[in-house]
$ cat coords31.txt   # compact mmCIF, C-alpha atoms and all ligand atoms
# COMPACT_ATOMS: atom_id res chain seq x y z
CA MET A 3 102.95 167.08 207.64
CA LYS A 4 101.23 164.41 205.60
CA LYS A 5 103.42 162.25 203.35
CA SER A 6 101.48 163.34 200.26
CA THR A 7 102.08 167.03 201.13
CA LYS A 8 105.83 166.36 201.46
CA VAL A 9 105.92 164.67 198.06
CA LEU A 10 104.04 167.60 196.55
CA LEU A 11 106.52 170.10 198.05
CA VAL A 12 109.47 168.13 196.67
CA ILE A 13 107.89 168.05 193.20
CA ILE A 14 107.30 171.82 193.30
CA GLY A 15 110.90 172.36 194.44
CA VAL A 16 112.32 170.25 191.60
CA CYS A 17 110.15 172.09 189.07
CA LEU A 18 111.43 175.46 190.33
CA ILE A 19 115.06 174.34 190.03
CA VAL A 20 114.46 173.09 186.47
CA LEU A 21 112.80 176.42 185.56
CA ILE A 22 115.75 178.38 186.94
CA ILE A 23 118.22 176.23 184.99
CA LEU A 24 116.21 176.67 181.76
CA GLN A 25 116.06 180.44 182.35
CA ILE A 26 119.85 180.66 182.73
CA PHE A 27 120.39 178.46 179.67
CA PHE A 28 118.14 180.47 177.34
CA SER A 29 119.25 183.91 178.54
CA GLY A 30 122.82 182.81 177.76
CA GLN A 31 121.75 181.84 174.23
CA THR A 32 120.36 185.28 173.38
CA ALA A 33 123.63 187.09 174.18
CA GLU A 34 125.09 189.07 171.27
CA PRO A 35 127.63 186.95 169.39
CA VAL A 36 131.16 188.32 169.07
CA ASN A 37 131.15 187.96 165.30
CA ALA A 38 128.25 190.00 163.97
CA GLU A 39 127.89 187.82 160.91
CA VAL A 40 126.76 184.93 163.03
CA GLN A 41 123.60 186.79 163.94
CA THR A 42 121.79 187.31 160.69
CA THR A 43 118.62 186.35 158.98
CA ALA A 44 120.59 186.14 155.77
CA GLY A 45 121.69 182.61 156.54
CA THR A 46 124.92 181.32 155.08
CA ALA A 47 124.47 182.90 151.64
CA GLY A 48 126.64 185.84 152.63
CA GLY A 49 129.52 183.55 153.47
CA ASN A 50 130.06 182.92 149.78
CA LEU A 51 130.67 186.63 149.21
CA ILE A 52 133.90 186.53 151.21
CA LYS A 53 136.94 185.84 149.04
CA ASP A 54 139.59 185.77 151.75
CA ASP A 55 138.74 185.71 155.45
CA SER A 56 142.35 185.56 156.64
CA TYR A 57 142.90 189.31 157.15
CA VAL A 58 142.79 190.81 160.63
CA TRP A 59 139.45 192.45 161.46
CA PRO A 60 139.73 196.14 162.25
CA GLU A 61 138.95 197.09 165.83
CA LEU A 62 135.26 197.88 165.92
CA THR A 63 132.20 197.99 168.14
CA VAL A 64 129.35 195.77 167.02
CA ASP A 65 126.10 197.58 167.81
CA LEU A 66 123.63 196.10 165.35
CA LEU A 67 120.38 197.84 164.49
CA ASP A 68 117.13 196.09 165.26
CA ILE A 69 115.67 194.44 162.17
CA ASN A 70 113.03 196.84 160.81
CA PRO A 71 111.77 198.08 157.43
CA TYR A 72 113.40 201.54 157.77
CA SER A 73 117.05 200.76 158.41
CA ARG A 74 117.74 197.02 158.57
CA PRO A 75 115.51 194.92 156.33
CA GLY A 76 117.38 191.72 157.26
CA THR A 77 117.75 190.64 153.62
CA ALA A 78 120.89 189.09 152.14
CA LEU A 79 123.33 191.01 149.95
CA SER A 80 123.42 189.48 146.47
CA ALA A 81 127.11 190.37 145.98
CA VAL A 82 129.80 192.77 147.13
CA ASN A 83 130.95 194.60 144.00
CA ASN A 84 131.77 198.02 145.45
CA ILE A 85 132.38 199.78 148.77
CA VAL A 86 130.40 203.04 148.92
CA ILE A 87 131.70 205.99 150.97
CA HIS A 88 129.29 208.56 152.47
CA TYR A 89 129.61 211.51 154.83
CA VAL A 90 127.04 211.87 157.62
CA ALA A 91 126.23 215.53 156.72
CA ASN A 92 125.83 216.31 160.43
CA PRO A 93 129.05 218.10 161.49
CA GLY A 94 130.45 217.08 164.88
CA SER A 95 128.07 214.14 165.39
CA SER A 96 129.55 210.89 166.72
CA ALA A 97 129.49 207.42 165.22
CA LYS A 98 127.27 206.22 168.06
CA ALA A 99 124.82 209.11 167.55
CA ASN A 100 124.51 208.26 163.85
CA ARG A 101 124.02 204.58 164.67
CA ASP A 102 121.30 205.50 167.17
CA TYR A 103 119.65 207.74 164.58
CA PHE A 104 119.49 204.82 162.14
CA ASN A 105 118.06 202.54 164.80
CA GLY A 106 115.52 205.19 165.81
CA LEU A 107 114.08 205.22 162.27
CA ALA A 108 112.35 201.96 163.22
CA THR A 109 109.97 204.04 165.32
CA SER A 110 110.32 207.59 163.95
CA HIS A 111 109.74 206.47 160.31
CA LEU A 112 111.37 209.75 159.20
CA THR A 113 113.13 208.14 156.27
CA SER A 114 114.91 204.93 155.23
CA ALA A 115 118.64 205.09 155.91
CA SER A 116 121.54 203.11 157.36
CA ALA A 117 125.07 201.92 156.67
CA HIS A 118 127.08 198.83 157.53
CA MET A 119 129.75 200.83 159.34
CA VAL A 120 130.04 204.33 160.77
CA VAL A 121 133.54 205.74 161.25
CA GLY A 122 133.69 208.36 164.03
CA LEU A 123 135.64 211.51 164.83
CA GLU A 124 137.96 209.66 167.22
CA GLY A 125 138.68 206.97 164.64
CA GLU A 126 136.21 204.53 166.19
CA ILE A 127 134.09 202.19 164.09
CA VAL A 128 130.53 201.20 164.93
CA GLN A 129 129.11 198.29 162.94
CA CYS A 130 125.35 198.66 162.42
CA ILE A 131 124.57 195.87 159.94
CA PRO A 132 126.12 192.42 159.37
CA LEU A 133 128.31 192.48 156.27
CA ASN A 134 126.16 189.92 154.46
CA GLU A 135 122.96 191.95 154.82
CA VAL A 136 121.56 194.89 152.88
CA ALA A 137 121.93 198.44 154.27
CA TYR A 138 119.82 201.38 153.09
CA ALA A 139 122.45 203.86 151.92
CA SER A 140 123.20 203.73 148.22
CA ASN A 141 119.85 203.67 146.47
CA ASP A 142 119.70 201.11 143.66
CA ARG A 143 123.14 199.79 144.63
CA ASN A 144 122.05 198.65 148.09
CA ASN A 145 121.95 195.02 146.97
CA ASP A 146 125.58 194.65 145.91
CA THR A 147 127.57 197.14 147.98
CA ILE A 148 128.87 197.69 151.49
CA ALA A 149 128.19 201.20 152.80
CA ILE A 150 130.40 203.24 155.12
CA GLU A 151 129.22 206.50 156.69
CA VAL A 152 131.99 208.82 157.86
CA CYS A 153 131.75 211.52 160.55
CA HIS A 154 133.38 214.94 160.07
CA PRO A 155 133.92 217.95 162.34
CA GLU A 156 132.97 220.74 159.92
CA ALA A 157 130.32 221.46 157.31
CA ASP A 158 132.89 221.10 154.50
CA GLY A 159 132.83 217.33 155.11
CA LYS A 160 136.60 216.86 155.31
CA PHE A 161 137.61 213.89 157.46
CA THR A 162 140.07 214.36 160.35
CA PRO A 163 143.47 212.60 160.04
CA THR A 164 142.39 210.06 162.69
CA THR A 165 139.09 209.33 160.97
CA TYR A 166 140.84 209.14 157.61
CA ASP A 167 143.38 206.65 158.93
CA THR A 168 140.66 204.36 160.32
CA LEU A 169 138.60 204.68 157.13
CA THR A 170 141.45 203.81 154.77
CA ASN A 171 142.37 200.87 156.99
CA LEU A 172 138.76 199.64 157.03
CA CYS A 173 138.51 200.01 153.24
CA ALA A 174 141.79 198.10 152.73
CA TRP A 175 140.45 195.24 154.84
CA LEU A 176 137.11 195.18 153.02
CA CYS A 177 138.76 195.21 149.58
CA LEU A 178 141.05 192.32 150.52
CA ARG A 179 138.24 190.37 152.16
CA TYR A 180 135.92 190.69 149.17
CA GLY A 181 138.63 190.36 146.51
CA LEU A 182 138.21 193.91 145.21
CA PRO A 183 140.77 196.43 143.93
CA ALA A 184 141.01 199.86 145.60
CA ASP A 185 139.23 201.22 142.52
CA ALA A 186 136.10 199.41 143.72
CA LEU A 187 135.75 202.21 146.25
CA ILE A 188 133.07 204.57 145.01
CA ARG A 189 131.26 207.62 146.36
CA HIS A 190 127.54 207.95 146.86
CA TYR A 191 128.00 210.64 144.20
CA ASP A 192 129.11 207.99 141.70
CA VAL A 193 125.79 206.17 142.19
CA THR A 194 123.26 209.01 142.20
CA GLY A 195 125.14 212.29 141.60
CA LYS A 196 124.38 213.38 145.19
CA ASN A 197 127.03 215.65 146.75
CA CYS A 198 128.20 212.90 149.11
CA PRO A 199 130.82 212.60 150.55
CA LYS A 200 130.87 216.37 150.01
CA TYR A 201 134.58 217.19 150.43
CA TYR A 202 135.62 214.22 148.25
CA VAL A 203 133.16 215.14 145.53
CA GLU A 204 134.31 218.75 145.49
CA HIS A 205 138.00 217.78 145.67
CA GLU A 206 138.61 215.09 143.08
CA ASP A 207 142.33 215.03 143.93
CA ALA A 208 141.53 214.20 147.58
CA TRP A 209 139.31 211.34 146.43
CA GLU A 210 142.01 209.93 144.14
CA GLN A 211 144.48 210.24 147.02
CA LEU A 212 142.13 208.34 149.33
CA LYS A 213 141.94 205.43 146.89
CA SER A 214 145.71 205.32 146.44
CA ASP A 215 146.17 205.41 150.23
CA VAL A 216 143.85 202.41 150.47
CA ALA A 217 145.80 200.61 147.73
CA ALA A 218 149.04 201.23 149.67
CA LYS A 219 147.52 199.85 152.89
CA MET A 220 146.35 196.75 151.04
CA GLN A 221 149.99 195.95 150.25
CA ASN A 222 150.93 195.57 153.91
CA TYR A 223 147.66 194.58 155.52
CA PRO A 224 148.23 191.97 158.28
CA LYS A 225 146.84 188.44 158.13
CA GLN A 226 145.59 186.53 161.14
CA ASN A 227 148.22 184.44 162.90
CA ALA A 228 150.88 185.78 160.55
CA PRO A 229 154.32 184.47 161.50
CA VAL A 230 156.34 187.02 163.46
CA GLY A 231 159.54 188.35 161.86
ZN ZN B 1 125.59 209.38 150.98

$ encode --input "coords31.txt" --output "structure tokens"
Amino acid sequence: MKKSTKVLLVIIGVCLIVLIILQIFFSGQTAEPVNAEVQTTAGTAGGNLIKDDSYVWPELTVDLLDINPYSRPGTALSAVNNIVIHYVANPGSSAKANRDYFNGLATSHLTSASAHMVVGLEGEIVQCIPLNEVAYASNDRNNDTIAIEVCHPEADGKFTPTTYDTLTNLCAWLCLRYGLPADALIRHYDVTGKNCPKYYVEHEDAWEQLKSDVAAKMQNYPKQNAPVG
């Protein structure tokens, strides 16, 4: 083999190794971050919305929607003044199925809809949108609210005890995090008059109970690294 051919082969080899290293480096960078709020087009503006970040995050699955005009516009929330509760109006459907429906609107264009969180029938939570971005759920209150969709087994829209427990816990955390009282919880009905969440519009006492259960949970909500004992 000629010396110049050997040199050429070495150069090609080195280039290949560099390419492989770059490939590994960049594929690592695109991995989903653990904290959903890191990955946002909203920049750091949303950080100012948080009043107290010391409370323990609820257990949840981060499964963010793709940024698209139908369910995740990628724009920053201007404030967090209320938490809006919805029911999915699709009895027996799972949190994941509702999340996938929202994500599918990017291609189906059926309507504009989404929520920051979906609480499922087994008490699971799927996060669809970073908490400092706008979701399409509450009409003209999309810019200053966090939206929670809740799954339900029957057409009456009543939440199961497990779902209810997760929901009230999630709401307690959100209220503490954004410096809101339990009374800042509102229904979609309170924004537009829509019968949503159905059971808690038709049963005012159940709605009042839900808010007082959230207030009670706020009293004892754990902080991160709280001293034991
Ligand atoms: Zn609704």

$ atom_distance --input "coords31.txt" --atom1 "atom CA of Asn105 of chain A" --atom2 "atom CA of Leu123 of chain A"
19.7 Å

$ closest_residue --input "coords31.txt" --among "A:Glu151, A:Glu61, A:Asp146, A:Asp158" --to "ligand ZN 1 (chain B)" --atoms "all atoms listed in the file"
A:Glu151

$ residues_near_ligand --input "coords31.txt" --ligand "ligand ZN 1 (chain B)" --cutoff "6 Å" --atoms "only C-alpha atoms and all ligand atoms" --output "list of chain:residue names"
A:His88, A:Tyr89, A:His190, A:Cys198

$ write_last_selection --input "coords31.txt" --atoms "C-alpha atoms" --output "PDB file, in the coordinates of the input"
ATOM      1  CA  HIS A  88     129.290 208.560 152.470  1.00  0.00           C
ATOM      2  CA  TYR A  89     129.610 211.510 154.830  1.00  0.00           C
ATOM      3  CA  HIS A 190     127.540 207.950 146.860  1.00  0.00           C
ATOM      4  CA  CYS A 198     128.200 212.900 149.110  1.00  0.00           C
TER       5      CYS A 198
END

$ atom_distance --input "coords31.txt" --atom1 "atom CA of Ala139 of chain A" --atom2 "atom CA of Pro163 of chain A"
24.2 Å

$ closest_residue --input "coords31.txt" --among "A:Phe161, A:Tyr201, A:Trp59, A:Tyr138" --to "Pro71 of chain A" --atoms "only C-alpha atoms"
A:Tyr138

$ closest_residue --input "coords31.txt" --among "A:Lys8, A:Lys98, A:Arg143, A:His154" --to "Pro199 of chain A" --atoms "only C-alpha atoms"
A:His154

$ residues_around --input "coords31.txt" --residues "Leu178 of chain A" --least-positions-apart "5" --cutoff "10 Å" --atoms "all atoms listed in the file" --output "VMD selection string"
chain A and resid 52 to 57 173 183 to 184 217 220 to 221 223

$ closest_residue --input "coords31.txt" --among "A:Val58, A:Ala117, A:Pro155, A:Lys160" --to "Ser95 of chain A" --atoms "only C-alpha atoms"
A:Pro155

$ closest_residue --input "coords31.txt" --among "A:Gly94, A:Gly76, A:Gly181, A:Gly195" --to "Pro132 of chain A" --atoms "only C-alpha atoms"
A:Gly76

$ atom_distance --input "coords31.txt" --atom1 "atom CA of Val120 of chain A" --atom2 "atom CA of Arg101 of chain A"
7.2 Å

$ residues_around --input "coords31.txt" --residues "Ala218 of chain A" --least-positions-apart "5" --cutoff "10 Å" --atoms "only C-alpha atoms" --output "ChimeraX atom specification"
/A:170-171,174,184,212-213,223

$ residues_around --input "coords31.txt" --residues "His118 of chain A" --least-positions-apart "4" --cutoff "12 Å" --atoms "all atoms listed in the file" --output "ChimeraX atom specification"
/A:38-39,62-67,73-74,79,85-88,97,100-101,104,127-140,144,147-152,172,176
